[in-house]
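To start, the structure under review is shown below, and the notes come after it.
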Amino acid sequence: MASLRDWPVWQLTLARLRLFIREPAAIFWVYGFPILMMMSLGIAFRGNAQEIIAVDVVEAKEVQSPKSKVEGQAGAVASLSSKIQDLRSLLSADPRFKLTINPPEDWRKRLQAGKTDLVIEVNPPGSPSAYQFWDEPRRAESRIARYAVESLLLRTETSQVRSPEIKHLEQAGSRYIDFLLPGMLGMGLMGGGMWGGGFVVVDMRVRKLLKRFLATPMRRSDFLIAIIFSRLLFTLADIVILLLFGYLAFGIRSQGGYLNLTAVVLLGGAAFAGIGLLVASRVQTIETVSGLMNLVMLPMWILSGVFFSSERFPEAVQPLINLLPLTALNQLLRGIMLEGKSLASLWPQLTILAAYASITFTLALRFFRWR
């Protein structure tokens with residue numbers, strides 16, 4: 001009777017197991033990737049013992065106007081300041097609340113971008129209600145913040161705070177799909193730039209096509225620049241399709257215009273094409289370049305705010321997250337599309353992307369080999 005070792009099925013099974021063990025990339029994607037995803041998302045959505053509720057306190061517009069102050073309403077201004085101070089003391093006594101008084105930037109944009117959960121607008125004396133609460137009804141955190149502040153105020157003995165006026169922020173860019181689309185655009189630029197640049201080079205090297213170019217007078221710089229240019233042309237078509245779908249299906253528009261958006265898309269595509277060329281500059285096999293590409297892109301999929309805000313990660317790692325190219329690209333896309341910011345106001349992110357584009361291309365040109 002034949003032994004188990006002589007059974008063809010057993011030998012073929014062992015052969016497949018040996019092949020799997022000899023592929024580190026396969027082992028990582030089967031076992032390491034799920035663990036890494038659980039760890040990263042567990043940190044991002046960790047359950048804090050004490051949830052922090054961000055609240056902005058601002059003065060009503062009619063009190064902020066210079067005219068009202070010039071016309072002798074010093075008493076009203078003083079009374080308003082006293083009300084703000086009392087409210088600040090009340091909320092500061094509760095460790096759940098993180099308070100910002102009269103933020104320098106537009107509070108509507110802060111609420112829309114999720115930088116604050118609730119805005120309390122303090123009305124002048126004589127108004128029908130002491131406060132106006134502004135929330136973002138599509139975010140659960142904003143609604144919970146309103147309920148928490150209302151509950152705290154209702155427990156006080158001052159009848160003046162018992163009737164706050166509730167208002168909802170209803171403007172473009174406040175839905176989750178508005179947040180998601182720029183992240184998807186950024187992820188598409190990253191994947192298209194790296195795979196469309198680096199993978200193509202390795203595939204040509206494997207098929208011995210690069211050796212034929214070696215026999216021509218063509219310069220390496222011309223070859224690599226041509227790959228980037230061709231990738232950018234495909235990228236523009238991809239982005240137009242996504243933007244058109246977002247507009248037709250969800251009514252999403254770019255608040256900052258499409259010229260600035262196009263400039264950011266081209267810069268982002270160039271940056272990731274440069275990274276892809278650098279990764280593939282000396283790689284000899286398809287399996288190796290696939291593993292390296294995924295190794296570079298995986299941290300940015302998780303950390304750079306594609307599907308949820310990168311601010312969910314601990315404060316200690318925020319400087320590193322902000323240096324990632326996909327983080328800078330997503331911040332640029334959301335700043336232009338959702339907040340209507342100019343390119344000048346987004347210069348730190350532009351500088352980061354420009355640095356990645358120039359440095360990675362220079363290094364790729366230095367290390368690239370035809371063979």
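Going through the structure tokens in order, the chains are called A, B, and so on, while each chain numbers its residues from 1 and the ligands are numbered from 1 in the order shown.
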Q. Could you pull out all residues of range 181-325 of chain A with a DSSP call of helix (DSSP H, G or I) and give them as a PyMOL selection string?
A. chain A and resi 181-206+209-214+220-250+258-279+286-303+310-312+315-322+325
Shell of 7 Å around range 201-208 of chain A, only C-alpha atoms, local chain residues under 3 positions omitted, as a PDB file with all heavy atoms, in the first residue's frame:
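The new file result_32.pdb reads:
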ATOM      1  N   GLY A 197       3.064  54.502 -13.531  1.00  0.00           N
ATOM      2  CA  GLY A 197       4.444  54.859 -13.811  1.00  0.00           C
ATOM      3  C   GLY A 197       5.414  53.736 -13.490  1.00  0.00           C
ATOM      4  O   GLY A 197       6.083  53.188 -14.369  1.00  0.00           O
ATOM      5  N   GLY A 198       5.467  53.350 -12.214  1.00  0.00           N
ATOM      6  CA  GLY A 198       6.438  52.351 -11.782  1.00  0.00           C
ATOM      7  C   GLY A 198       6.192  50.963 -12.338  1.00  0.00           C
ATOM      8  O   GLY A 198       7.121  50.278 -12.792  1.00  0.00           O
ATOM      9  N   LYS A 211      16.015  47.107 -22.741  1.00  0.00           N
ATOM     10  CA  LYS A 211      17.327  46.840 -23.332  1.00  0.00           C
ATOM     11  C   LYS A 211      17.388  47.358 -24.763  1.00  0.00           C
ATOM     12  O   LYS A 211      18.456  47.764 -25.238  1.00  0.00           O
ATOM     13  CB  LYS A 211      17.610  45.339 -23.293  1.00  0.00           C
ATOM     14  CG  LYS A 211      17.802  44.787 -21.886  1.00  0.00           C
ATOM     15  CD  LYS A 211      18.016  43.295 -21.898  1.00  0.00           C
ATOM     16  CE  LYS A 211      19.316  42.941 -22.614  1.00  0.00           C
ATOM     17  NZ  LYS A 211      19.586  41.488 -22.553  1.00  0.00           N
ATOM     18  N   ALA A 280      10.471  51.823  -8.766  1.00  0.00           N
ATOM     19  CA  ALA A 280      10.713  50.856  -9.842  1.00  0.00           C
ATOM     20  C   ALA A 280      12.044  51.048 -10.541  1.00  0.00           C
ATOM     21  O   ALA A 280      12.318  50.357 -11.528  1.00  0.00           O
ATOM     22  CB  ALA A 280       9.591  50.958 -10.867  1.00  0.00           C
ATOM     23  N   VAL A 283      14.044  47.670  -9.882  1.00  0.00           N
ATOM     24  CA  VAL A 283      13.336  46.423  -9.581  1.00  0.00           C
ATOM     25  C   VAL A 283      13.337  45.529 -10.813  1.00  0.00           C
ATOM     26  O   VAL A 283      13.142  46.006 -11.945  1.00  0.00           O
ATOM     27  CB  VAL A 283      11.901  46.716  -9.123  1.00  0.00           C
ATOM     28  CG1 VAL A 283      11.129  45.426  -8.911  1.00  0.00           C
ATOM     29  CG2 VAL A 283      11.925  47.537  -7.838  1.00  0.00           C
ATOM     30  N   GLN A 284      13.521  44.206 -10.585  1.00  0.00           N
ATOM     31  CA  GLN A 284      13.664  43.272 -11.689  1.00  0.00           C
ATOM     32  C   GLN A 284      12.435  42.403 -11.942  1.00  0.00           C
ATOM     33  O   GLN A 284      12.315  41.810 -13.015  1.00  0.00           O
ATOM     34  CB  GLN A 284      14.863  42.333 -11.412  1.00  0.00           C
ATOM     35  CG  GLN A 284      16.178  43.051 -11.226  1.00  0.00           C
ATOM     36  CD  GLN A 284      16.654  43.721 -12.494  1.00  0.00           C
ATOM     37  OE1 GLN A 284      16.425  43.228 -13.595  1.00  0.00           O
ATOM     38  NE2 GLN A 284      17.310  44.872 -12.364  1.00  0.00           N
ATOM     39  N   THR A 285      11.519  42.276 -10.986  1.00  0.00           N
ATOM     40  CA  THR A 285      10.390  41.361 -11.142  1.00  0.00           C
ATOM     41  C   THR A 285       9.076  42.066 -10.815  1.00  0.00           C
ATOM     42  O   THR A 285       9.034  43.037 -10.042  1.00  0.00           O
ATOM     43  CB  THR A 285      10.526  40.133 -10.224  1.00  0.00           C
ATOM     44  OG1 THR A 285      10.467  40.565  -8.855  1.00  0.00           O
ATOM     45  CG2 THR A 285      11.837  39.407 -10.472  1.00  0.00           C
ATOM     46  N   ILE A 286       7.989  41.540 -11.393  1.00  0.00           N
ATOM     47  CA  ILE A 286       6.659  42.072 -11.149  1.00  0.00           C
ATOM     48  C   ILE A 286       6.262  41.868  -9.685  1.00  0.00           C
ATOM     49  O   ILE A 286       5.650  42.754  -9.071  1.00  0.00           O
ATOM     50  CB  ILE A 286       5.636  41.394 -12.080  1.00  0.00           C
ATOM     51  CG1 ILE A 286       5.949  41.725 -13.543  1.00  0.00           C
ATOM     52  CG2 ILE A 286       4.219  41.816 -11.723  1.00  0.00           C
ATOM     53  CD1 ILE A 286       5.815  43.177 -13.895  1.00  0.00           C
ATOM     54  N   ARG A 371      18.668  47.947 -17.595  1.00  0.00           N
ATOM     55  CA  ARG A 371      18.666  46.485 -17.490  1.00  0.00           C
ATOM     56  C   ARG A 371      17.960  46.040 -16.227  1.00  0.00           C
ATOM     57  O   ARG A 371      18.067  46.668 -15.212  1.00  0.00           O
ATOM     58  CB  ARG A 371      20.082  45.936 -17.482  1.00  0.00           C
ATOM     59  CG  ARG A 371      20.854  46.254 -18.767  1.00  0.00           C
ATOM     60  CD  ARG A 371      22.242  45.677 -18.717  1.00  0.00           C
ATOM     61  NE  ARG A 371      23.014  46.006 -19.904  1.00  0.00           N
ATOM     62  CZ  ARG A 371      22.996  45.309 -21.034  1.00  0.00           C
ATOM     63  NH1 ARG A 371      22.240  44.200 -21.102  1.00  0.00           N
ATOM     64  NH2 ARG A 371      23.710  45.669 -22.069  1.00  0.00           N
TER      65      ARG A 371
END
Q) Which neighbours of Leu180 in chain A fall inside 8 Å, counting only C-alpha atoms, when residues of the same chain fewer than 2 positions from it are skipped, and could you give them as a VMD selection string? A) chain A and resid 176 to 178 182 to 184 306 to 308
Using only C-alpha atoms, which protein or nucleic acid residues come within 7 Å of range 355-358 of chain A? Drop anything in the same chain fewer than 5 positions from it, and give the result as an mmCIF file with all heavy atoms, in the first residue's frame.
data_model
loop_
_atom_site.group_PDB
_atom_site.id
_atom_site.type_symbol
_atom_site.label_atom_id
_atom_site.label_comp_id
_atom_site.auth_asym_id
_atom_site.auth_seq_id
_atom_site.Cartn_x
_atom_site.Cartn_y
_atom_site.Cartn_z
ATOM 1 N N ALA A 270 2.011 64.245 -10.721
ATOM 2 C CA ALA A 270 3.456 64.253 -10.939
ATOM 3 C C ALA A 270 4.205 63.730 -9.716
ATOM 4 O O ALA A 270 5.200 63.000 -9.851
ATOM 5 C CB ALA A 270 3.916 65.669 -11.280
ATOM 6 N N ALA A 271 3.746 64.101 -8.518
ATOM 7 C CA ALA A 271 4.406 63.653 -7.298
ATOM 8 C C ALA A 271 4.350 62.133 -7.172
ATOM 9 O O ALA A 271 5.361 61.476 -6.890
ATOM 10 C CB ALA A 271 3.768 64.322 -6.081
ATOM 11 N N GLY A 274 6.426 60.329 -9.787
ATOM 12 C CA GLY A 274 7.830 60.339 -9.401
ATOM 13 C C GLY A 274 8.144 59.288 -8.346
ATOM 14 O O GLY A 274 9.174 58.612 -8.402
#
Q: Might you pull out every residue within 6 Å of range 133-135 of chain A, with only C-alpha atoms counted and same-chain residues fewer than 5 positions away left off, and present them as a ChimeraX atom specification?
A: /A:118-120,142,166-168
Q.
Quick check for you: according to DSSP on this backbone, which residues of range 93-160 of chain A are classed as strand (DSSP E)? Reply as a VMD selection string.
A. chain A and resid 97 to 101 118 to 122 131 to 135
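Shortest separation to Leu189 in chain A among A:Ile225, A:Leu209, A:Ile302, A:Leu326 occurs at residue A:Leu326, atoms counted being only C-alpha atoms.
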With only C-alpha atoms counted and 12 Å as the cut-off, give the residues of range 133-244 of chain A in contact with range 311-325 of chain A, each with its shortest interatomic distance in Å and the pair that gives it, as a Markdown table.
| residue | atom | partner | partner_atom | distance |
| --- | --- | --- | --- | --- |
| A:Gly186 | CA | A:Pro325 | CA | 9.7 |
| A:Met187 | CA | A:Pro325 | CA | 10.8 |
| A:Leu189 | CA | A:Pro325 | CA | 10.9 |
| A:Met190 | CA | A:Pro325 | CA | 8.9 |
Q) Rounded to one decimal in Å, what is the spacing between CA of Ala54 in chain A and CA of Leu99 in chain A? A) 6.1 Å
Q: Pick out the residues sitting within 9 Å of Trp370 in chain A, and hand them over as a ChimeraX atom specification; count only C-alpha atoms, and ignore anything fewer than 2 positions along from it in its own chain.
A: /A:205,209-214,220,281-282,368
Q: Excluding Gly192 in chain A and any residue of its chain fewer than 6 positions from it, enumerate the residues within 10 Å of it, using only C-alpha atoms, and give them as a PyMOL selection string.
A: chain A and resi 186+198+231-232+234-235+238+269+272-273+276
